[in-house]
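Source file: my_file_18.cif; contents: mmCIF, C-alpha atoms and all ligand atoms.
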```
data_model
#
loop_
_atom_site.label_atom_id
_atom_site.label_comp_id
_atom_site.auth_asym_id
_atom_site.auth_seq_id
_atom_site.Cartn_x
_atom_site.Cartn_y
_atom_site.Cartn_z
CA MET A 1 -71.16 2.36 -128.92
CA LYS A 2 -71.10 1.57 -125.21
CA ALA A 3 -68.38 0.83 -122.68
CA GLU A 4 -70.41 -2.13 -121.50
CA SER A 5 -72.75 -4.23 -123.51
CA THR A 6 -75.83 -2.24 -122.67
CA GLY A 7 -76.54 -1.11 -126.21
CA ASN A 8 -76.24 -2.43 -129.71
CA GLY A 9 -72.80 -1.03 -130.59
CA PRO A 10 -69.50 -2.85 -130.05
CA THR A 11 -67.79 -2.33 -126.71
CA VAL A 12 -64.31 -0.91 -126.22
CA ASP A 13 -63.20 -4.51 -125.61
CA ASP A 14 -64.74 -5.52 -128.94
CA CYS A 15 -62.86 -2.71 -130.67
CA VAL A 16 -59.52 -3.55 -129.04
CA ARG A 17 -59.89 -7.18 -130.04
CA GLY A 18 -61.22 -6.39 -133.53
CA ILE A 19 -58.52 -3.87 -134.32
CA GLY A 20 -55.90 -6.31 -133.04
CA GLU A 21 -57.28 -8.79 -135.57
CA SER A 22 -57.34 -6.13 -138.32
CA ASP A 23 -61.12 -6.28 -138.54
CA ARG A 24 -61.89 -3.45 -140.98
CA GLY A 25 -65.49 -3.14 -139.90
CA LEU A 26 -64.53 -2.59 -136.28
CA LEU A 27 -61.71 -0.26 -137.31
CA ALA A 28 -64.21 1.87 -139.24
CA ARG A 29 -66.59 1.94 -136.27
CA ALA A 30 -63.79 2.87 -133.90
CA ILE A 31 -62.87 5.77 -136.20
CA THR A 32 -66.48 6.90 -136.16
CA LEU A 33 -66.23 6.94 -132.38
CA ILE A 34 -63.05 9.04 -132.61
CA GLU A 35 -64.84 11.46 -134.92
CA SER A 36 -67.90 11.80 -132.73
CA ARG A 37 -68.49 15.03 -130.85
CA LYS A 38 -70.68 13.47 -128.17
CA PRO A 39 -68.97 13.68 -124.77
CA GLU A 40 -69.73 10.03 -123.92
CA ASP A 41 -68.24 8.88 -127.24
CA MET A 42 -65.19 11.05 -126.69
CA ALA A 43 -64.58 9.43 -123.33
CA LEU A 44 -64.85 5.96 -124.87
CA ALA A 45 -62.57 6.96 -127.72
CA GLN A 46 -59.89 8.06 -125.28
CA GLU A 47 -60.23 4.82 -123.35
CA LEU A 48 -59.85 2.88 -126.58
CA LEU A 49 -56.79 4.88 -127.64
CA ALA A 50 -55.15 4.40 -124.26
CA ARG A 51 -55.63 0.64 -124.56
CA LEU A 52 -54.23 0.55 -128.11
CA LEU A 53 -51.31 2.91 -127.59
CA PRO A 54 -48.74 0.12 -127.07
CA GLN A 55 -49.60 -1.22 -130.54
CA THR A 56 -49.03 2.12 -132.29
CA GLY A 57 -46.02 3.86 -133.81
CA GLY A 58 -44.93 1.08 -136.14
CA ALA A 59 -45.85 2.69 -139.46
CA VAL A 60 -43.98 4.89 -141.86
CA ARG A 61 -46.05 8.09 -141.78
CA VAL A 62 -45.97 10.12 -144.98
CA GLY A 63 -47.74 13.42 -145.62
CA ILE A 64 -48.60 14.32 -149.20
CA THR A 65 -49.62 17.74 -150.45
CA GLY A 66 -49.91 19.65 -153.70
CA VAL A 67 -52.22 22.03 -155.51
CA PRO A 68 -55.55 20.73 -156.87
CA GLY A 69 -54.94 18.79 -160.06
CA VAL A 70 -51.28 18.03 -159.36
CA GLY A 71 -52.22 14.36 -159.24
CA LYS A 72 -52.40 13.46 -155.55
CA SER A 73 -55.20 10.92 -155.91
CA THR A 74 -53.63 9.32 -158.98
CA PHE A 75 -50.25 9.25 -157.24
CA ILE A 76 -51.58 7.68 -154.04
CA ASP A 77 -53.49 5.08 -156.02
CA ALA A 78 -50.37 4.14 -158.02
CA LEU A 79 -47.91 4.23 -155.13
CA GLY A 80 -50.28 2.50 -152.71
CA THR A 81 -50.93 -0.30 -155.19
CA ARG A 82 -47.19 -0.86 -155.62
CA LEU A 83 -46.62 -0.92 -151.89
CA ILE A 84 -49.35 -3.50 -151.44
CA GLU A 85 -47.75 -5.65 -154.11
CA GLN A 86 -44.57 -5.48 -152.05
CA GLY A 87 -46.44 -6.78 -149.02
CA HIS A 88 -47.27 -3.53 -147.24
CA ARG A 89 -50.62 -2.59 -145.75
CA VAL A 90 -51.54 0.98 -146.62
CA ALA A 91 -53.94 3.38 -144.91
CA VAL A 92 -54.87 6.63 -146.68
CA LEU A 93 -56.21 9.46 -144.53
CA ALA A 94 -57.10 13.00 -145.52
CA VAL A 95 -57.00 16.40 -143.88
CA ASP A 96 -59.42 18.69 -145.63
CA PRO A 97 -60.66 21.60 -143.56
CA SER A 98 -62.99 22.67 -146.37
CA SER A 99 -65.00 19.47 -146.06
CA SER A 100 -66.96 20.95 -143.17
CA ILE A 101 -68.04 23.79 -145.41
CA SER A 102 -68.70 21.90 -148.62
CA GLY A 103 -70.32 19.08 -146.67
CA GLY A 104 -68.39 16.43 -148.55
CA SER A 105 -64.73 15.63 -148.75
CA ILE A 106 -62.91 16.28 -151.97
CA LEU A 107 -59.99 14.32 -150.61
CA GLY A 108 -59.61 10.65 -149.94
CA ASP A 109 -62.13 10.32 -152.71
CA LYS A 110 -62.32 6.60 -153.37
CA SER A 111 -63.50 6.95 -156.95
CA ARG A 112 -60.19 8.63 -157.81
CA MET A 113 -58.29 5.75 -156.22
CA PRO A 114 -60.00 2.80 -157.90
CA ARG A 115 -57.26 0.20 -157.46
CA LEU A 116 -56.53 1.04 -153.87
CA ALA A 117 -60.20 1.32 -152.92
CA SER A 118 -60.80 -2.28 -153.95
CA ALA A 119 -57.67 -3.71 -152.31
CA GLU A 120 -58.05 -5.79 -149.15
CA GLU A 121 -54.71 -4.48 -147.81
CA ALA A 122 -55.68 -0.83 -148.16
CA PHE A 123 -57.91 1.35 -146.04
CA ILE A 124 -59.11 4.74 -147.25
CA ARG A 125 -60.73 7.20 -144.91
CA PRO A 126 -61.88 10.63 -146.12
CA SER A 127 -61.43 13.75 -144.07
CA PRO A 128 -63.69 14.00 -141.03
CA SER A 129 -66.13 16.86 -141.16
CA ALA A 130 -65.39 19.03 -138.21
CA LEU A 131 -65.75 22.69 -137.50
CA SER A 132 -62.12 23.61 -137.13
CA LEU A 133 -58.84 22.58 -138.70
CA GLY A 134 -57.71 21.67 -135.19
CA GLY A 135 -60.65 19.30 -134.90
CA VAL A 136 -59.88 17.70 -138.25
CA THR A 137 -56.21 17.19 -137.41
CA ARG A 138 -56.89 15.76 -133.96
CA ARG A 139 -59.22 13.18 -135.45
CA THR A 140 -56.75 12.36 -138.22
CA ARG A 141 -53.90 11.87 -135.76
CA GLU A 142 -56.00 9.56 -133.63
CA THR A 143 -57.24 7.69 -136.68
CA MET A 144 -53.62 7.20 -137.69
CA LEU A 145 -52.95 5.54 -134.33
CA LEU A 146 -55.94 3.22 -134.76
CA CYS A 147 -54.69 2.24 -138.23
CA GLU A 148 -51.25 1.47 -136.84
CA ALA A 149 -52.80 -0.68 -134.12
CA ALA A 150 -54.69 -2.49 -136.89
CA GLY A 151 -51.39 -3.38 -138.53
CA PHE A 152 -51.14 -0.83 -141.33
CA ASP A 153 -47.43 -0.20 -141.80
CA VAL A 154 -47.71 2.69 -144.25
CA ILE A 155 -49.90 5.71 -143.50
CA LEU A 156 -50.39 8.26 -146.28
CA VAL A 157 -51.97 11.52 -145.13
CA GLU A 158 -53.23 13.68 -147.99
CA THR A 159 -53.98 17.38 -147.83
CA VAL A 160 -54.42 20.43 -150.04
CA GLY A 161 -53.03 23.87 -149.47
CA VAL A 162 -55.94 25.32 -147.55
CA GLY A 163 -54.96 27.60 -144.70
CA GLN A 164 -52.69 25.91 -142.24
CA SER A 165 -53.55 22.36 -143.25
CA GLU A 166 -50.13 21.66 -144.77
CA THR A 167 -48.29 22.74 -141.65
CA MET A 168 -50.62 20.64 -139.53
CA VAL A 169 -50.05 17.55 -141.67
CA ALA A 170 -46.28 18.08 -141.78
CA ASP A 171 -46.48 18.06 -137.99
CA MET A 172 -48.08 14.63 -137.76
CA VAL A 173 -45.87 12.65 -140.17
CA ASP A 174 -42.30 11.37 -140.41
CA CYS A 175 -41.80 12.38 -144.01
CA PHE A 176 -43.47 15.26 -145.83
CA LEU A 177 -43.77 14.96 -149.61
CA VAL A 178 -44.73 17.91 -151.81
CA LEU A 179 -46.02 17.15 -155.29
CA VAL A 180 -45.45 19.90 -157.86
CA LEU A 181 -45.83 20.42 -161.58
CA ALA A 182 -43.34 21.67 -164.12
CA GLY A 183 -43.58 25.24 -165.28
CA ALA A 184 -47.13 26.02 -164.25
CA GLY A 185 -46.00 29.57 -163.64
CA ASP A 186 -42.86 31.56 -163.09
CA GLU A 187 -43.05 30.97 -159.38
CA LEU A 188 -41.94 27.62 -158.08
CA GLN A 189 -45.10 26.39 -156.39
CA GLY A 190 -44.93 26.29 -152.65
CA ILE A 191 -41.86 28.47 -152.34
CA LYS A 192 -43.76 31.62 -151.58
CA LYS A 193 -46.05 29.93 -149.11
CA GLY A 194 -43.14 28.32 -147.29
CA ILE A 195 -44.37 24.82 -148.05
CA ILE A 196 -41.14 23.76 -149.72
CA GLU A 197 -39.37 24.50 -146.46
CA LEU A 198 -41.43 21.75 -144.84
CA ALA A 199 -40.62 19.22 -147.56
CA ASP A 200 -38.41 16.21 -146.98
CA LEU A 201 -39.08 15.20 -150.57
CA VAL A 202 -40.31 17.10 -153.61
CA ALA A 203 -41.70 15.13 -156.54
CA VAL A 204 -42.32 16.78 -159.90
CA ASN A 205 -45.34 14.83 -161.15
CA LYS A 206 -46.57 14.26 -164.71
CA ALA A 207 -43.03 13.63 -165.91
CA ASP A 208 -44.26 11.76 -168.96
CA GLY A 209 -44.82 12.28 -172.70
CA ASP A 210 -44.16 15.77 -173.96
CA ASN A 211 -43.80 17.00 -170.42
CA LEU A 212 -40.75 14.92 -169.53
CA GLU A 213 -38.11 17.46 -170.42
CA ARG A 214 -39.85 20.32 -168.63
CA ALA A 215 -40.24 18.14 -165.56
CA GLN A 216 -36.51 17.48 -165.53
CA LEU A 217 -35.82 21.19 -165.77
CA ALA A 218 -38.24 21.84 -162.92
CA LYS A 219 -36.44 19.20 -160.87
CA ARG A 220 -33.20 21.16 -161.28
CA ASP A 221 -34.92 24.41 -160.29
CA TYR A 222 -36.40 22.88 -157.17
CA ALA A 223 -33.10 21.28 -156.21
CA ALA A 224 -31.44 24.68 -156.54
CA ALA A 225 -34.20 26.33 -154.52
CA LEU A 226 -33.80 23.76 -151.74
CA ARG A 227 -30.05 24.38 -151.63
CA TYR A 228 -30.73 28.08 -151.52
CA LEU A 229 -33.04 27.61 -148.52
CA GLY A 230 -30.01 26.24 -146.72
CA ALA A 231 -29.35 23.89 -143.86
CA ARG A 232 -32.07 22.51 -141.62
CA PRO A 233 -31.96 21.02 -138.19
CA SER A 234 -31.79 17.51 -139.60
CA SER A 235 -29.17 15.20 -141.02
CA TRP A 236 -31.47 14.58 -143.99
CA GLU A 237 -30.97 16.66 -147.13
CA PRO A 238 -34.31 17.18 -148.89
CA ARG A 239 -34.38 15.55 -152.33
CA VAL A 240 -36.18 16.23 -155.59
CA VAL A 241 -37.31 13.53 -158.02
CA THR A 242 -39.47 13.34 -161.12
CA VAL A 243 -42.39 10.91 -161.17
CA SER A 244 -45.34 9.98 -163.29
CA ALA A 245 -48.35 8.81 -161.33
CA LEU A 246 -49.84 7.83 -164.68
CA THR A 247 -47.06 5.54 -165.96
CA GLY A 248 -45.54 4.69 -162.59
CA ALA A 249 -42.12 6.01 -163.62
CA GLY A 250 -40.01 7.07 -160.65
CA LEU A 251 -42.37 5.71 -158.00
CA ASP A 252 -40.03 2.93 -156.87
CA GLU A 253 -37.13 5.37 -156.63
CA LEU A 254 -39.30 7.75 -154.65
CA TRP A 255 -40.31 5.08 -152.17
CA GLN A 256 -36.67 4.07 -151.77
CA LEU A 257 -35.97 7.65 -150.72
CA VAL A 258 -38.84 7.56 -148.21
CA GLU A 259 -37.32 4.41 -146.73
CA GLU A 260 -33.83 5.86 -146.76
CA HIS A 261 -35.14 8.95 -144.97
CA HIS A 262 -36.90 6.79 -142.40
CA ARG A 263 -33.83 4.65 -141.76
CA LEU A 264 -31.60 7.67 -141.37
CA LEU A 265 -33.97 9.34 -138.91
CA ALA A 266 -34.52 6.13 -136.97
CA ASP A 267 -30.81 5.34 -136.71
CA SER A 268 -29.85 8.84 -135.62
CA GLY A 269 -32.62 9.05 -133.02
CA GLU A 270 -34.21 11.95 -134.88
CA LEU A 271 -37.37 9.99 -135.61
CA GLU A 272 -38.13 9.44 -131.95
CA GLU A 273 -37.23 13.05 -131.22
CA ARG A 274 -39.44 14.34 -134.04
CA ARG A 275 -42.41 12.30 -132.87
CA ARG A 276 -41.88 13.37 -129.27
CA ARG A 277 -41.90 17.02 -130.27
CA GLN A 278 -45.00 16.47 -132.38
CA LEU A 279 -46.82 14.99 -129.38
CA GLY A 280 -45.86 17.95 -127.22
CA ARG A 281 -47.10 20.45 -129.79
CA TRP A 282 -50.25 18.41 -130.24
CA MET A 283 -51.01 18.59 -126.54
CA TRP A 284 -50.54 22.36 -126.59
CA SER A 285 -52.72 22.80 -129.64
CA LEU A 286 -55.48 20.85 -127.86
CA ILE A 287 -55.14 23.12 -124.84
CA GLU A 288 -55.32 26.21 -127.03
CA GLU A 289 -58.31 24.89 -128.89
CA LYS A 290 -60.22 23.97 -125.73
CA LEU A 291 -59.43 27.26 -124.06
CA LEU A 292 -60.51 29.20 -127.10
CA ASP A 293 -63.73 27.20 -127.34
CA SER A 294 -64.64 27.81 -123.72
CA PHE A 295 -63.75 31.47 -124.14
CA ARG A 296 -65.99 31.87 -127.17
CA ASP A 297 -68.82 29.94 -125.53
CA HIS A 298 -68.62 31.86 -122.27
CA PRO A 299 -71.88 33.80 -121.68
CA GLU A 300 -70.10 36.94 -120.49
CA VAL A 301 -67.95 36.87 -123.61
CA THR A 302 -70.76 36.18 -126.06
CA LYS A 303 -72.73 39.03 -124.48
CA ARG A 304 -70.03 41.59 -125.30
CA LEU A 305 -68.10 40.12 -128.19
CA ALA A 306 -70.05 41.48 -131.18
CA GLU A 307 -70.17 45.01 -129.86
CA LEU A 308 -66.50 45.10 -128.95
CA GLU A 309 -65.49 43.62 -132.29
CA ARG A 310 -67.42 46.35 -134.04
CA ALA A 311 -65.92 49.04 -131.84
CA VAL A 312 -62.41 47.75 -132.58
CA ALA A 313 -63.15 47.70 -136.31
CA GLU A 314 -64.48 51.24 -136.15
CA GLY A 315 -61.48 52.40 -134.19
CA THR A 316 -63.39 53.61 -131.15
CA VAL A 317 -61.86 51.03 -128.82
CA THR A 318 -58.28 49.79 -129.00
CA PRO A 319 -57.72 46.04 -129.56
CA THR A 320 -55.79 45.85 -126.31
CA ARG A 321 -58.60 47.37 -124.27
CA ALA A 322 -61.21 45.14 -125.93
CA ALA A 323 -59.11 42.02 -125.38
CA THR A 324 -58.52 42.95 -121.75
CA GLU A 325 -62.21 43.57 -121.15
CA LEU A 326 -63.21 40.24 -122.70
CA LEU A 327 -60.53 38.29 -120.83
CA THR A 328 -61.53 39.93 -117.57
CA ALA A 329 -65.17 39.06 -118.19
CA PHE A 330 -64.14 35.48 -118.99
CA GLN A 331 -61.99 35.08 -115.89
CA SER A 332 -64.13 36.84 -113.33
CA ALA A 333 -67.37 35.02 -113.99
CA ARG A 334 -66.14 31.46 -113.53
N1 LIG B 1 -50.00 13.00 -167.76
C1 LIG B 1 -50.22 12.79 -166.46
N2 LIG B 1 -51.41 13.09 -165.92
C2 LIG B 1 -51.61 12.87 -164.62
C3 LIG B 1 -50.60 12.33 -163.80
N3 LIG B 1 -51.08 12.25 -162.54
C4 LIG B 1 -52.35 12.70 -162.57
N4 LIG B 1 -52.68 13.09 -163.82
C5 LIG B 1 -53.97 13.63 -164.27
O1 LIG B 1 -54.16 14.89 -163.65
C6 LIG B 1 -55.53 15.06 -163.31
C7 LIG B 1 -55.69 15.38 -161.82
O2 LIG B 1 -55.28 14.25 -161.09
P1 LIG B 1 -55.81 13.96 -159.60
O3 LIG B 1 -55.10 12.74 -159.14
O4 LIG B 1 -57.27 13.96 -159.55
O5 LIG B 1 -55.26 15.25 -158.87
P2 LIG B 1 -55.45 15.71 -157.34
O6 LIG B 1 -54.20 16.37 -156.94
O7 LIG B 1 -55.90 14.56 -156.53
O8 LIG B 1 -56.59 16.78 -157.47
P3 LIG B 1 -57.61 17.30 -156.32
O9 LIG B 1 -58.21 16.09 -155.68
O10 LIG B 1 -58.58 18.12 -157.07
O11 LIG B 1 -56.80 18.12 -155.35
C8 LIG B 1 -56.25 13.80 -163.72
O12 LIG B 1 -56.84 14.01 -164.98
C9 LIG B 1 -55.14 12.78 -163.82
O13 LIG B 1 -55.41 11.78 -164.75
C10 LIG B 1 -49.33 12.02 -164.40
O14 LIG B 1 -48.38 11.56 -163.76
N5 LIG B 1 -49.21 12.27 -165.73
MG MG B 2 -57.64 14.24 -155.34
#
```

Please re-express this file's structure in structure tokens.
Ligand SMILES: Nc1nc2c(ncn2[C@@H]2O[C@H](COP(=O)(O)OP(=O)(O)OP(=O)(O)O)[C@@H](O)[C@H]2O)c(=O)[nH]1
Ligand SMILES: [Mg+2]
Amino acid sequence: MKAESTGNGPTVDDCVRGIGESDRGLLARAITLIESRKPEDMALAQELLARLLPQTGGAVRVGITGVPGVGKSTFIDALGTRLIEQGHRVAVLAVDPSSSISGGSILGDKSRMPRLASAEEAFIRPSPSALSLGGVTRRTRETMLLCEAAGFDVILVETVGVGQSETMVADMVDCFLVLVLAGAGDELQGIKKGIIELADLVAVNKADGDNLERAQLAKRDYAAALRYLGARPSSWEPRVVTVSALTGAGLDELWQLVEEHHRLLADSGELEERRRRQLGRWMWSLIEEKLLDSFRDHPEVTKRLAELERAVAEGTVTPTRAATELLTAFQSAR
């Protein structure tokens, strides 16, 4: 892709126009540009984003997490299909830091979302393969903005509990939904890892058939756990519901809660405040990432790093001394 029409790719102008017209092909190519690691592409991507920024921010942004097998793909397919029937346009994005290791994304897998994948009003984008979680989340945030500019009014961001991915997703959405199962173990899932503390909504999935009663009991347990966690800095009280992604039971009620949450936050000014804080943290995480990259790539650092790491592990050099030496080498040779 070129800024001017010197090559065969669409120009930034083409992308701005195409995305404004909800051209899915151009949206996909613009996302590819966002995901590129080539410096010239990155510059074009930033130019494109700057041009589109006034058209962004209009969607309800929902993060969805849950352990493998909880039913995320089934849930997103069922919920997304309903939303489309109600006239929404739904974009599904994924944050999967493991995709860079496995080489392919396990999330945003279109074959597990058959109805949504074939719908004109839906757009599914798997997790970008990038080296770091920071890289994956930056690209997902920017992709979210492109989707909003293309007129998608619901953005669903899916993630699994790998490392910090849940925290990162909670920090890019308006509403964070945790899917859980009834009685999989004694522990309430997500409590120990602090994920439930991030939740605006908890949905006990697979509340169908023989499992219905257990799901209702689990709902009570989670509601009690949320009360136990106490007050948060928000006027919204987190809620627990039971759903069945398979039968569709509870999905309408759940979406009503998402909308209620959004209205409440918008009316109280918390939504704007939340998004502003997210942008500030995002900027800082980019700074940290870039600084760390240039530190690691610095010749003086790479020369000494392995040896100092070994010495620290063996206890012959203190971590403080090693860190100081590396930072001094980094700063002095610029
Ligand atoms: N009974 C029942 N089964 C469900 C429900 N939702 C999902 N399942 C089944 O649970 C299994 C896992 O569902 P997925 O949607 O693939 O789960 P996932 O969370 O996306 O899993 P990963 O992509 O591996 O993280 C599938 O066999 C689904 O058919 C539900 O509400 N009720
Ligand atoms: Mg899945």

Which of these residues is nearest to ligand MG 2 (chain B), using all atoms listed in the file: A:Ala45, A:Leu93, A:Val160, A:Leu52?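 Distance minimum relative to ligand MG 2 (chain B) lands on A:Val160.
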
Measure the distance from atom CA of A:Ala311 to atom CA of A:Phe295 in Å and round it to one decimal.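 Value for the atom CA of A:Ala311-atom CA of A:Phe295 distance: 19.3 Å.
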
Show me which residues are within 7 Å of ligand LIG 1 (chain B) counting all atoms listed in the file, and format the list as a PDB file with C-alpha atoms, keeping the file's coordinate frame.
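Result saved to pocket_31.pdb:
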```
ATOM      1  CA  GLY A  66     -49.910  19.650-153.700  1.00  0.00           C
ATOM      2  CA  VAL A  67     -52.220  22.030-155.510  1.00  0.00           C
ATOM      3  CA  PRO A  68     -55.550  20.730-156.870  1.00  0.00           C
ATOM      4  CA  GLY A  69     -54.940  18.790-160.060  1.00  0.00           C
ATOM      5  CA  VAL A  70     -51.280  18.030-159.360  1.00  0.00           C
ATOM      6  CA  GLY A  71     -52.220  14.360-159.240  1.00  0.00           C
ATOM      7  CA  LYS A  72     -52.400  13.460-155.550  1.00  0.00           C
ATOM      8  CA  SER A  73     -55.200  10.920-155.910  1.00  0.00           C
ATOM      9  CA  THR A  74     -53.630   9.320-158.980  1.00  0.00           C
ATOM     10  CA  PHE A  75     -50.250   9.250-157.240  1.00  0.00           C
ATOM     11  CA  ILE A 106     -62.910  16.280-151.970  1.00  0.00           C
ATOM     12  CA  LEU A 107     -59.990  14.320-150.610  1.00  0.00           C
ATOM     13  CA  ARG A 112     -60.190   8.630-157.810  1.00  0.00           C
ATOM     14  CA  VAL A 160     -54.420  20.430-150.040  1.00  0.00           C
ATOM     15  CA  ASN A 205     -45.340  14.830-161.150  1.00  0.00           C
ATOM     16  CA  LYS A 206     -46.570  14.260-164.710  1.00  0.00           C
ATOM     17  CA  ALA A 207     -43.030  13.630-165.910  1.00  0.00           C
ATOM     18  CA  ASP A 208     -44.260  11.760-168.960  1.00  0.00           C
ATOM     19  CA  VAL A 243     -42.390  10.910-161.170  1.00  0.00           C
ATOM     20  CA  SER A 244     -45.340   9.980-163.290  1.00  0.00           C
ATOM     21  CA  ALA A 245     -48.350   8.810-161.330  1.00  0.00           C
ATOM     22  CA  LEU A 246     -49.840   7.830-164.680  1.00  0.00           C
ATOM     23  CA  THR A 247     -47.060   5.540-165.960  1.00  0.00           C
TER      24      THR A 247
END
```

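Atom CA of A:Trp284 sits 20.2 Å away from atom CA of A:Gln331.
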
Specify the axis-aligned box that encloses all atoms of stretch 36-47 of chain A listed in the file after padding of 6 Å on each side, stating its centre and edge lengths in Å to one decimal as lines of an AutoDock Vina configuration file.
```
center_x = -65.3
center_y = 9.9
center_z = -128.0
size_x = 22.8
size_y = 22.2
size_z = 21.4
```

Point-to-point distance from atom CA of A:Met172 to atom CA of A:Asp252, Å rounded to tenths: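 Distance between the two atoms: 23.8 Å.
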
Tell me which protein, DNA and RNA residues are within 9 Å of A:Phe123, counting only C-alpha atoms, leaving out same-chain ones fewer than 4 positions away, and put them as a list in words. Arg24, Arg89, Val90, Ala91, Val92, Leu93, Leu116, Ala117, Ala119, Cys147 and Phe152 of chain A

So, counting all atoms listed in the file, which residue among A:Thr242, A:Ser111, A:Ser165, A:Gln46 is closest to ligand MG 2 (chain B)?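 Result for the nearest residue to ligand MG 2 (chain B): A:Ser111.
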
Taking all atoms listed in the file into account, which of A:Leu291, A:Ile84, A:Ala94, A:Val12 comes nearest ligand MG 2 (chain B)?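 So, comparing all the options, the nearest one is A:Ala94.
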
Among A:Leu179, A:Leu271, A:Val240, A:Ile155, ligand MG 2 (chain B) is approached most closely, using only C-alpha atoms and all ligand atoms, by A:Leu179

Which residue out of A:Thr137, A:Gln278, A:Thr65, A:Gln256 has the minimum interatomic distance to A:Leu156 when only C-alpha atoms are used? A:Thr65

Keeping just C-alpha atoms, export stretch 228-287 of chain A of this structure as a PDB file, in the first residue's frame.
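Listing of selection.pdb after writing:
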```pdb
ATOM      1  CA  TYR A 228     -17.951  -9.903  48.847  1.00  0.00           C
ATOM      2  CA  LEU A 229     -15.425  -8.158  46.586  1.00  0.00           C
ATOM      3  CA  GLY A 230     -17.145  -4.942  47.557  1.00  0.00           C
ATOM      4  CA  ALA A 231     -17.615  -1.525  46.061  1.00  0.00           C
ATOM      5  CA  ARG A 232     -15.815  -0.340  42.953  1.00  0.00           C
ATOM      6  CA  PRO A 233     -15.120   3.086  41.621  1.00  0.00           C
ATOM      7  CA  SER A 234     -18.199   2.973  39.409  1.00  0.00           C
ATOM      8  CA  SER A 235     -21.907   3.534  39.771  1.00  0.00           C
ATOM      9  CA  TRP A 236     -22.479   0.193  38.026  1.00  0.00           C
ATOM     10  CA  GLU A 237     -22.992  -2.898  40.177  1.00  0.00           C
ATOM     11  CA  PRO A 238     -21.624  -5.970  38.381  1.00  0.00           C
ATOM     12  CA  ARG A 239     -24.362  -8.478  37.542  1.00  0.00           C
ATOM     13  CA  VAL A 240     -24.525 -12.231  37.092  1.00  0.00           C
ATOM     14  CA  VAL A 241     -26.833 -14.006  34.652  1.00  0.00           C
ATOM     15  CA  THR A 242     -27.271 -17.529  33.326  1.00  0.00           C
ATOM     16  CA  VAL A 243     -27.197 -18.081  29.567  1.00  0.00           C
ATOM     17  CA  SER A 244     -27.158 -20.872  27.058  1.00  0.00           C
ATOM     18  CA  ALA A 245     -25.203 -20.116  23.929  1.00  0.00           C
ATOM     19  CA  LEU A 246     -26.659 -23.332  22.539  1.00  0.00           C
ATOM     20  CA  THR A 247     -30.381 -22.595  23.005  1.00  0.00           C
ATOM     21  CA  GLY A 248     -30.117 -18.804  23.121  1.00  0.00           C
ATOM     22  CA  ALA A 249     -31.743 -18.637  26.557  1.00  0.00           C
ATOM     23  CA  GLY A 250     -30.778 -15.517  28.479  1.00  0.00           C
ATOM     24  CA  LEU A 251     -28.977 -13.835  25.591  1.00  0.00           C
ATOM     25  CA  ASP A 252     -31.551 -11.068  25.151  1.00  0.00           C
ATOM     26  CA  GLU A 253     -31.511 -10.351  28.882  1.00  0.00           C
ATOM     27  CA  LEU A 254     -27.734 -10.260  28.833  1.00  0.00           C
ATOM     28  CA  TRP A 255     -27.640  -7.778  25.983  1.00  0.00           C
ATOM     29  CA  GLN A 256     -30.181  -5.602  27.778  1.00  0.00           C
ATOM     30  CA  LEU A 257     -27.740  -5.452  30.688  1.00  0.00           C
ATOM     31  CA  VAL A 258     -24.895  -4.483  28.354  1.00  0.00           C
ATOM     32  CA  GLU A 259     -27.059  -1.655  27.039  1.00  0.00           C
ATOM     33  CA  GLU A 260     -28.144  -0.628  30.516  1.00  0.00           C
ATOM     34  CA  HIS A 261     -24.502  -0.546  31.587  1.00  0.00           C
ATOM     35  CA  HIS A 262     -23.589   1.549  28.564  1.00  0.00           C
ATOM     36  CA  ARG A 263     -26.420   4.015  29.145  1.00  0.00           C
ATOM     37  CA  LEU A 264     -25.551   4.405  32.795  1.00  0.00           C
ATOM     38  CA  LEU A 265     -21.880   5.036  32.049  1.00  0.00           C
ATOM     39  CA  ALA A 266     -22.665   7.406  29.195  1.00  0.00           C
ATOM     40  CA  ASP A 267     -25.177   9.422  31.222  1.00  0.00           C
ATOM     41  CA  SER A 268     -22.920   9.742  34.244  1.00  0.00           C
ATOM     42  CA  GLY A 269     -19.886  10.749  32.182  1.00  0.00           C
ATOM     43  CA  GLU A 270     -18.028   7.627  33.302  1.00  0.00           C
ATOM     44  CA  LEU A 271     -17.842   6.248  29.780  1.00  0.00           C
ATOM     45  CA  GLU A 272     -15.931   9.232  28.481  1.00  0.00           C
ATOM     46  CA  GLU A 273     -13.745   9.182  31.577  1.00  0.00           C
ATOM     47  CA  ARG A 274     -13.061   5.451  31.233  1.00  0.00           C
ATOM     48  CA  ARG A 275     -12.085   5.808  27.583  1.00  0.00           C
ATOM     49  CA  ARG A 276      -9.887   8.807  28.332  1.00  0.00           C
ATOM     50  CA  ARG A 277      -8.019   6.877  31.005  1.00  0.00           C
ATOM     51  CA  GLN A 278      -7.646   3.916  28.657  1.00  0.00           C
ATOM     52  CA  LEU A 279      -6.053   6.161  26.027  1.00  0.00           C
ATOM     53  CA  GLY A 280      -3.613   7.556  28.555  1.00  0.00           C
ATOM     54  CA  ARG A 281      -2.572   4.094  29.714  1.00  0.00           C
ATOM     55  CA  TRP A 282      -2.309   2.972  26.113  1.00  0.00           C
ATOM     56  CA  MET A 283       0.105   5.787  25.332  1.00  0.00           C
ATOM     57  CA  TRP A 284       2.247   4.839  28.315  1.00  0.00           C
ATOM     58  CA  SER A 285       2.253   1.172  27.420  1.00  0.00           C
ATOM     59  CA  LEU A 286       3.471   2.113  23.924  1.00  0.00           C
ATOM     60  CA  ILE A 287       6.255   4.183  25.445  1.00  0.00           C
TER      61      ILE A 287
END
```
